[in-house]
Amino acid sequence: MFKLSGMPLSNYHNKVKLALLEKGIAFEEVLARPSQDADYLALCPTGKVPYFEVDGGRFCESQAALEYLEECYPTPPLLPADALARAKVRELIHVFEQDIELVARRMLPHALFGAPLNEGVWDEVARQLDRGLASFRRIARFAPYVAGDAFTMADCAIAMHIPLVTRITQIVYQRDWFADLPVEAYLAQMKQRPAYQQVRADLEAARAAQS
Ligand SMILES: N[C@@H](CCC(=O)N[C@@H](CS)C(=O)NCC(=O)O)C(=O)O
């Protein structure tokens, strides 16, 4: 059985969990927290969450997991049949994660844990977010799914990342970088999906338990 180790507070954990639920794959979910301790690094080489165990092997990186699941459990598909359309789905995920999520994440320690704010970084992150969002606007379709007319792995990723990026940037900049995109309608539509509802409910429960 596929084992997902991580925590429901993690958007990368939830990206993989959403794909598992959408595909109807039985899986075991185990709580793990990021750590640079040797014991944890022996399980997950980056020390991050999530990591995965299957068929006696272990690996990390959420996108590697989505690609693994797509190969081993092709139905229902989370990638289009056409090779170019598949490349466009992967392009969206890469641009969002590298140029938006990872950039906003630099402000996460300040936004969520009260770490001191570095003014230089504040400006730099804002500039990079402007650029990342401009790239995203050029390729996002929202028609009605982020990559077009079908639910894909880009939705598993981006529907989990948008709320975190919005939360961080609202706290740090009091600015909504998604204001001119139809993300409200998009997320409302995601909330109609039972798999998304379950992932979000587990996230809310984890947040409630934390406070
Ligand atoms: N590229 C990784 C990113 C995973 C990631 O950044 N996870 C966060 C939690 S959402 C984490 O473990 N952060 C702790 C750290 O960076 O040390 C993936 O796609 O799985």
# chains A, B, ... in the order shown; residues from 1 in each chain; ligands from 1
>>> residues_around(residues="Gly56 (chain A)", least_positions_apart="2", cutoff="12 Å", atoms="only C-alpha atoms", output="MDAnalysis selection string")
chainID A and resid 1:3 52:54 58:59
>>> residues_near_ligand(ligand="ligand 1", cutoff="7 Å", atoms="only C-alpha atoms and all ligand atoms", output="ChimeraX atom specification")
/A:10-13,34-35,47-50,60-63
>>> residues_around(residues="region 68-71 of chain A", least_positions_apart="3", cutoff="10 Å", atoms="only C-alpha atoms", output="PyMOL selection string")
chain A and resi 2+16+19-20+23+25+62-65+74-79+153
>>> residues_around(residues="Ala134 (chain A)", least_positions_apart="6", cutoff="12 Å", atoms="only C-alpha atoms", output="PyMOL selection string")
chain A and resi 95-96+99-100+127-128+140+177-178+180-181
>>> select_by_dssp(residues="region 16-209 of chain A", states="strand (DSSP E or B)", output="list in words")
Phe27, Glu28, Glu29, Val30, Leu31, Tyr51, Phe52, Glu53, Val54, Gly57, Arg58, Phe59, Cys60, Tyr145 and Gly148 of chain A
>>> atom_distance(atom1="CA of Glu204 (chain A)", atom2="CA of Ala32 (chain A)")
17.4 Å
